[in-house]
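To keep things clear, I will list the structure first and then write my remarks on it.
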Amino acid sequence: MGISELIENRIIELAKKYQEDRSNTIHVTDLTTCIRKSYYIKKYGFPMDKKMAFWMLFGALVHEIVNPTIAEAFNGQTEVRKTYKFGDIEIEATPDILTDNMVIEVKTCARVPERPYSSHQEQINAYLHIFDRPKGLIVYISRTELDIRTFEYYGDAQLFNYTLDKALALYKALESNTPPDCNIPLSERKFYCRNCQFRHLCELDSYLQY
Ligand code: SF4
């Protein structure tokens, strides 16, 4: 085995250790991306390649360093988990940092954005509702420049209802073993589908479903 292969295998092995098996639970983060993809991940497992593994490990490392520091500074706690009941559906919520009046999410990215990504807003919005906190902070940390940008976010009840609708759609899809429709608007789909590891299966299922 060459040294490149040795390193790649180790990175992938470590990244897999960081991954929690979520095949039998619905998490907020399953609902803030393409729920059709979330369905495939639950059915077939998370497809790990070297790029994804490195990205995940780097993110995990930054979180391990930064989250306790932020939590201590704001008198908060890290990785507090709560199960939110929505009818028969249980939704797992684990914000990065929870304080008495705030939820803080830390995101690593290539370049800090001008405004927060809509999926991150939806994620923190769900946490604000589930933990009943009035204010959210989304902190972006650039992987390449250590540029840091913070955005405040305040709750949006309508957006939370939209997230719950997706939870219902995903739940029903898992129960019936039928992939749900993609929830991503056509204008944004290119971004999501471009690097989706389930693209081939998704196209095949679409062909069979319609
Ligand atoms: S290819 Fe696109 S629509 Fe299909 S599962 Fe992947 S992200 Fe969703």
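Labels for the structure tokens follow display order: chains A, B, ..., residues from 1 in each chain, ligands from 1.
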
Enumerate as a compact mmCIF listing (two decimals) with N, CA, C and O atoms, in the first residue's frame the residues within 7 Å of ligand 1, counting only C-alpha atoms and all ligand atoms.
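Result written to out18.txt:
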# COMPACT_ATOMS: atom_id res chain seq x y z
N CYS A 34 -31.86 18.31 1.24
CA CYS A 34 -32.81 17.59 0.40
C CYS A 34 -33.32 16.36 1.17
O CYS A 34 -32.53 15.49 1.52
N ILE A 35 -34.62 16.30 1.44
CA ILE A 35 -35.12 15.18 2.26
C ILE A 35 -35.09 13.87 1.46
O ILE A 35 -35.11 12.79 2.04
N ARG A 36 -35.07 14.01 0.16
CA ARG A 36 -34.94 12.77 -0.66
C ARG A 36 -33.55 12.15 -0.41
O ARG A 36 -33.41 10.95 -0.27
N LYS A 37 -32.54 13.01 -0.34
CA LYS A 37 -31.20 12.52 -0.03
C LYS A 37 -31.15 11.94 1.40
O LYS A 37 -30.53 10.90 1.63
N CYS A 182 -38.28 15.65 -3.91
CA CYS A 182 -37.24 16.60 -3.50
C CYS A 182 -37.91 17.91 -3.11
O CYS A 182 -38.81 18.38 -3.79
N ARG A 189 -31.52 23.58 -7.01
CA ARG A 189 -31.26 22.13 -7.09
C ARG A 189 -29.90 21.80 -7.68
O ARG A 189 -29.26 20.82 -7.30
N TYR A 192 -27.35 21.47 -5.01
CA TYR A 192 -27.50 20.29 -4.16
C TYR A 192 -27.21 19.00 -4.92
O TYR A 192 -26.62 18.07 -4.39
N CYS A 193 -27.70 18.93 -6.17
CA CYS A 193 -27.63 17.66 -6.92
C CYS A 193 -26.24 17.41 -7.51
O CYS A 193 -25.86 16.27 -7.73
N CYS A 196 -24.27 15.19 -5.32
CA CYS A 196 -25.03 14.19 -4.56
C CYS A 196 -24.61 12.78 -4.98
O CYS A 196 -24.66 12.43 -6.16
N GLN A 197 -24.25 11.99 -4.00
CA GLN A 197 -23.79 10.61 -4.26
C GLN A 197 -24.94 9.71 -4.68
O GLN A 197 -24.70 8.58 -5.12
N PHE A 198 -26.18 10.17 -4.52
CA PHE A 198 -27.33 9.33 -4.86
C PHE A 198 -27.98 9.76 -6.17
O PHE A 198 -29.10 9.36 -6.46
N ARG A 199 -27.30 10.58 -6.91
CA ARG A 199 -27.91 11.16 -8.10
C ARG A 199 -28.44 10.09 -9.06
O ARG A 199 -29.55 10.19 -9.57
N CYS A 202 -31.47 8.46 -7.61
CA CYS A 202 -32.56 9.44 -7.58
C CYS A 202 -33.20 9.56 -8.96
O CYS A 202 -34.43 9.56 -9.09
N GLU A 203 -32.37 9.61 -9.99
CA GLU A 203 -32.90 9.73 -11.36
C GLU A 203 -33.65 8.46 -11.74
O GLU A 203 -34.71 8.50 -12.33

Next on the checklist: Env of A:Tyr127: 12 Å cut, atoms = only C-alpha atoms, seq-sep filter 5 positions within chain, self excluded. Answer as a VMD selection string.
Outcome noted: chain A and resid 27 to 29 32 79 to 84 91 to 99 101 to 105 120 to 122 132 to 138 153 to 157 159 to 160 163

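The neighbours of stretch 140-151 of chain A here are the residues that come within 6 Å of it, using only C-alpha atoms and leaving out any residue fewer than 6 positions away in the same chain; they are Lys107, Thr108, Cys109, Ala110, Arg111 and Val112 of chain A.
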
Any chance you can output those residues with all heavy atoms as a PDB file, in the first residue's frame?
ATOM      1  N   LYS A 107     -20.214  26.848  11.950  1.00  0.00           N
ATOM      2  CA  LYS A 107     -20.125  26.211  10.636  1.00  0.00           C
ATOM      3  C   LYS A 107     -18.745  26.475  10.038  1.00  0.00           C
ATOM      4  O   LYS A 107     -18.315  27.634   9.974  1.00  0.00           O
ATOM      5  CB  LYS A 107     -21.179  26.804   9.683  1.00  0.00           C
ATOM      6  CG  LYS A 107     -22.607  26.670  10.179  1.00  0.00           C
ATOM      7  CD  LYS A 107     -23.058  25.242  10.126  1.00  0.00           C
ATOM      8  CE  LYS A 107     -24.477  25.043  10.607  1.00  0.00           C
ATOM      9  NZ  LYS A 107     -24.771  23.639  10.879  1.00  0.00           N
ATOM     10  N   THR A 108     -18.084  25.412   9.591  1.00  0.00           N
ATOM     11  CA  THR A 108     -16.840  25.630   8.856  1.00  0.00           C
ATOM     12  C   THR A 108     -17.178  25.666   7.366  1.00  0.00           C
ATOM     13  O   THR A 108     -18.087  24.974   6.913  1.00  0.00           O
ATOM     14  CB  THR A 108     -15.808  24.513   9.134  1.00  0.00           C
ATOM     15  OG1 THR A 108     -16.409  23.248   8.912  1.00  0.00           O
ATOM     16  CG2 THR A 108     -15.291  24.578  10.547  1.00  0.00           C
ATOM     17  N   CYS A 109     -16.462  26.490   6.643  1.00  0.00           N
ATOM     18  CA  CYS A 109     -16.781  26.664   5.222  1.00  0.00           C
ATOM     19  C   CYS A 109     -15.493  27.051   4.484  1.00  0.00           C
ATOM     20  O   CYS A 109     -14.480  27.368   5.121  1.00  0.00           O
ATOM     21  CB  CYS A 109     -17.819  27.776   5.060  1.00  0.00           C
ATOM     22  SG  CYS A 109     -17.348  29.296   5.897  1.00  0.00           S
ATOM     23  N   ALA A 110     -15.535  27.007   3.173  1.00  0.00           N
ATOM     24  CA  ALA A 110     -14.353  27.386   2.397  1.00  0.00           C
ATOM     25  C   ALA A 110     -14.129  28.895   2.520  1.00  0.00           C
ATOM     26  O   ALA A 110     -13.043  29.366   2.842  1.00  0.00           O
ATOM     27  CB  ALA A 110     -14.541  27.000   0.937  1.00  0.00           C
ATOM     28  N   ARG A 111     -15.187  29.656   2.253  1.00  0.00           N
ATOM     29  CA  ARG A 111     -15.119  31.112   2.370  1.00  0.00           C
ATOM     30  C   ARG A 111     -16.339  31.610   3.142  1.00  0.00           C
ATOM     31  O   ARG A 111     -17.443  31.085   2.922  1.00  0.00           O
ATOM     32  CB  ARG A 111     -15.122  31.753   0.981  1.00  0.00           C
ATOM     33  CG  ARG A 111     -13.990  32.753   0.846  1.00  0.00           C
ATOM     34  CD  ARG A 111     -13.885  33.367  -0.517  1.00  0.00           C
ATOM     35  NE  ARG A 111     -14.103  32.443  -1.607  1.00  0.00           N
ATOM     36  CZ  ARG A 111     -14.632  32.820  -2.768  1.00  0.00           C
ATOM     37  NH1 ARG A 111     -15.015  34.060  -2.960  1.00  0.00           N
ATOM     38  NH2 ARG A 111     -14.780  31.954  -3.748  1.00  0.00           N
ATOM     39  N   VAL A 112     -16.179  32.551   4.041  1.00  0.00           N
ATOM     40  CA  VAL A 112     -17.349  32.993   4.821  1.00  0.00           C
ATOM     41  C   VAL A 112     -18.347  33.673   3.878  1.00  0.00           C
ATOM     42  O   VAL A 112     -17.955  34.457   3.010  1.00  0.00           O
ATOM     43  CB  VAL A 112     -16.976  33.945   5.990  1.00  0.00           C
ATOM     44  CG1 VAL A 112     -16.156  33.226   7.037  1.00  0.00           C
ATOM     45  CG2 VAL A 112     -16.278  35.182   5.503  1.00  0.00           C
TER      46      VAL A 112
END

Next on the checklist: Neighbouring residues of A:Phe46 were defined as those with any atom within 12 Å, considering only C-alpha atoms; residues of the same chain fewer than 6 positions away were excluded. Please report them as an MDAnalysis selection string.
Outcome noted: chainID A and resid 15:16 19:23 37:40 52:53 196:198

Tell me, which residues of stretch 124-173 of chain A carry DSSP strand (DSSP E), written as a PDB file with N, CA and C atoms, in the first residue's frame?
ATOM      1  N   LYS A 135     -33.015  33.936  20.517  1.00  0.00           N
ATOM      2  CA  LYS A 135     -31.977  34.461  19.617  1.00  0.00           C
ATOM      3  C   LYS A 135     -31.011  33.360  19.183  1.00  0.00           C
ATOM      4  N   GLY A 136     -30.611  33.441  17.909  1.00  0.00           N
ATOM      5  CA  GLY A 136     -29.626  32.499  17.394  1.00  0.00           C
ATOM      6  C   GLY A 136     -28.404  33.233  16.865  1.00  0.00           C
ATOM      7  N   LEU A 137     -27.272  32.554  16.909  1.00  0.00           N
ATOM      8  CA  LEU A 137     -26.043  33.095  16.308  1.00  0.00           C
ATOM      9  C   LEU A 137     -25.468  32.018  15.396  1.00  0.00           C
ATOM     10  N   ILE A 138     -25.215  32.378  14.141  1.00  0.00           N
ATOM     11  CA  ILE A 138     -24.554  31.441  13.238  1.00  0.00           C
ATOM     12  C   ILE A 138     -23.137  31.967  13.013  1.00  0.00           C
ATOM     13  N   VAL A 139     -22.163  31.153  13.379  1.00  0.00           N
ATOM     14  CA  VAL A 139     -20.755  31.574  13.293  1.00  0.00           C
ATOM     15  C   VAL A 139     -20.086  30.794  12.161  1.00  0.00           C
ATOM     16  N   TYR A 140     -19.614  31.498  11.148  1.00  0.00           N
ATOM     17  CA  TYR A 140     -18.900  30.853  10.047  1.00  0.00           C
ATOM     18  C   TYR A 140     -17.394  31.006  10.251  1.00  0.00           C
ATOM     19  N   ILE A 141     -16.683  29.907  10.077  1.00  0.00           N
ATOM     20  CA  ILE A 141     -15.217  29.938  10.178  1.00  0.00           C
ATOM     21  C   ILE A 141     -14.654  29.403   8.871  1.00  0.00           C
ATOM     22  N   SER A 142     -13.877  30.210   8.198  1.00  0.00           N
ATOM     23  CA  SER A 142     -13.315  29.773   6.921  1.00  0.00           C
ATOM     24  C   SER A 142     -12.165  28.790   7.148  1.00  0.00           C
ATOM     25  N   ILE A 148     -13.644  34.864  10.132  1.00  0.00           N
ATOM     26  CA  ILE A 148     -14.800  34.493  10.960  1.00  0.00           C
ATOM     27  C   ILE A 148     -15.888  35.549  10.801  1.00  0.00           C
ATOM     28  N   ARG A 149     -17.113  35.092  10.581  1.00  0.00           N
ATOM     29  CA  ARG A 149     -18.217  36.047  10.488  1.00  0.00           C
ATOM     30  C   ARG A 149     -19.412  35.488  11.262  1.00  0.00           C
ATOM     31  N   THR A 150     -20.097  36.377  11.971  1.00  0.00           N
ATOM     32  CA  THR A 150     -21.218  35.952  12.814  1.00  0.00           C
ATOM     33  C   THR A 150     -22.501  36.654  12.379  1.00  0.00           C
ATOM     34  N   PHE A 151     -23.580  35.900  12.317  1.00  0.00           N
ATOM     35  CA  PHE A 151     -24.883  36.459  11.949  1.00  0.00           C
ATOM     36  C   PHE A 151     -25.886  36.161  13.058  1.00  0.00           C
ATOM     37  N   GLU A 152     -26.678  37.178  13.378  1.00  0.00           N
ATOM     38  CA  GLU A 152     -27.748  36.959  14.361  1.00  0.00           C
ATOM     39  C   GLU A 152     -28.976  36.433  13.631  1.00  0.00           C
ATOM     40  N   TYR A 153     -29.775  35.638  14.325  1.00  0.00           N
ATOM     41  CA  TYR A 153     -31.003  35.135  13.718  1.00  0.00           C
ATOM     42  C   TYR A 153     -32.104  35.087  14.770  1.00  0.00           C
ATOM     43  N   TYR A 154     -33.309  35.498  14.369  1.00  0.00           N
ATOM     44  CA  TYR A 154     -34.453  35.456  15.280  1.00  0.00           C
ATOM     45  C   TYR A 154     -35.536  34.584  14.645  1.00  0.00           C
TER      46      TYR A 154
END

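Atom CA of A:Val66 is found 24.0 Å from atom CA of A:Arg10.
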
Checklist entry - atom CA of A:Lys50 and atom CA of A:Leu6 are how many Å apart? => result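 Separation between atom CA of A:Lys50 and atom CA of A:Leu6: 11.7 Å.
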
Next on the checklist: Considering only C-alpha atoms, can you say which of A:Ile89, A:Pro68, A:Phe74, A:Lys17 comes closest to A:Met56?
Outcome noted: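 When distances to A:Met56 are compared using only C-alpha atoms, the smallest one comes from A:Lys17.
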
Checklist entry - Looking at only C-alpha atoms, which of A:Asn75, A:Thr69, A:Ile130, A:Phe58 is the one that sits closest to A:Tyr18? => result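 When distances to A:Tyr18 are compared using only C-alpha atoms, the smallest one comes from A:Phe58.
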
Checklist entry - Rounded to one decimal in Å, what is the spacing between atom CA of A:Pro47 and atom CA of A:Leu170? => result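 The value is 19.2 Å.
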
Checklist entry - Which one of A:Glu72, A:Glu64, A:Asp30, A:Asp88 sits closest to A:Asn183 if you count only C-alpha atoms? => result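 Looking only at the distances to A:Asn183, the closest residue turns out to be A:Asp30.
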
Residue neighbourhood A:Asn177, 12 Å, only C-alpha atoms, exclusion window fewer than 3 positions, as an mmCIF file with C-alpha atoms, in the first residue's frame:
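File produced: selection-v6.cif:
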data_model
loop_
_atom_site.group_PDB
_atom_site.id
_atom_site.type_symbol
_atom_site.label_atom_id
_atom_site.label_comp_id
_atom_site.auth_asym_id
_atom_site.auth_seq_id
_atom_site.Cartn_x
_atom_site.Cartn_y
_atom_site.Cartn_z
ATOM 1 C CA ARG A 36 -34.937 12.772 -0.657
ATOM 2 C CA TYR A 39 -34.146 9.231 2.858
ATOM 3 C CA TYR A 40 -31.429 7.541 0.781
ATOM 4 C CA LYS A 42 -31.133 6.329 6.054
ATOM 5 C CA LYS A 43 -31.881 3.466 3.697
ATOM 6 C CA TYR A 44 -28.424 2.865 2.244
ATOM 7 C CA ALA A 169 -42.991 13.775 4.435
ATOM 8 C CA LEU A 170 -39.732 12.030 5.390
ATOM 9 C CA TYR A 171 -41.428 9.957 8.071
ATOM 10 C CA LYS A 172 -44.135 8.756 5.667
ATOM 11 C CA ALA A 173 -41.528 8.018 3.001
ATOM 12 C CA LEU A 174 -39.507 5.870 5.413
ATOM 13 C CA PRO A 180 -40.083 11.485 -0.985
ATOM 14 C CA ASP A 205 -36.385 6.244 -8.952
#

Next on the checklist: Measuring between only C-alpha atoms, which one of A:Ala73, A:Ser118, A:Ile11, A:Asp49 shows the shortest distance to A:Glu188?
Outcome noted: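 Nearest to A:Glu188: A:Ser118.
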
Item to check | Proximity to A:Trp55 - best of A:Thr25, A:Leu204, A:Thr33, A:Leu14, only C-alpha atoms | outcome: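 Selected residue with least distance to A:Trp55: A:Leu14.
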
Next on the checklist: For the structure I just gave you, how does DSSP split stretch 133-165 of chain A - specifically, which residues are helix (DSSP H, G or I)? Reply as JSON, numbers by chain.
Outcome noted: {"A": [157, 158, 159, 160, 161, 162, 163, 164, 165]}
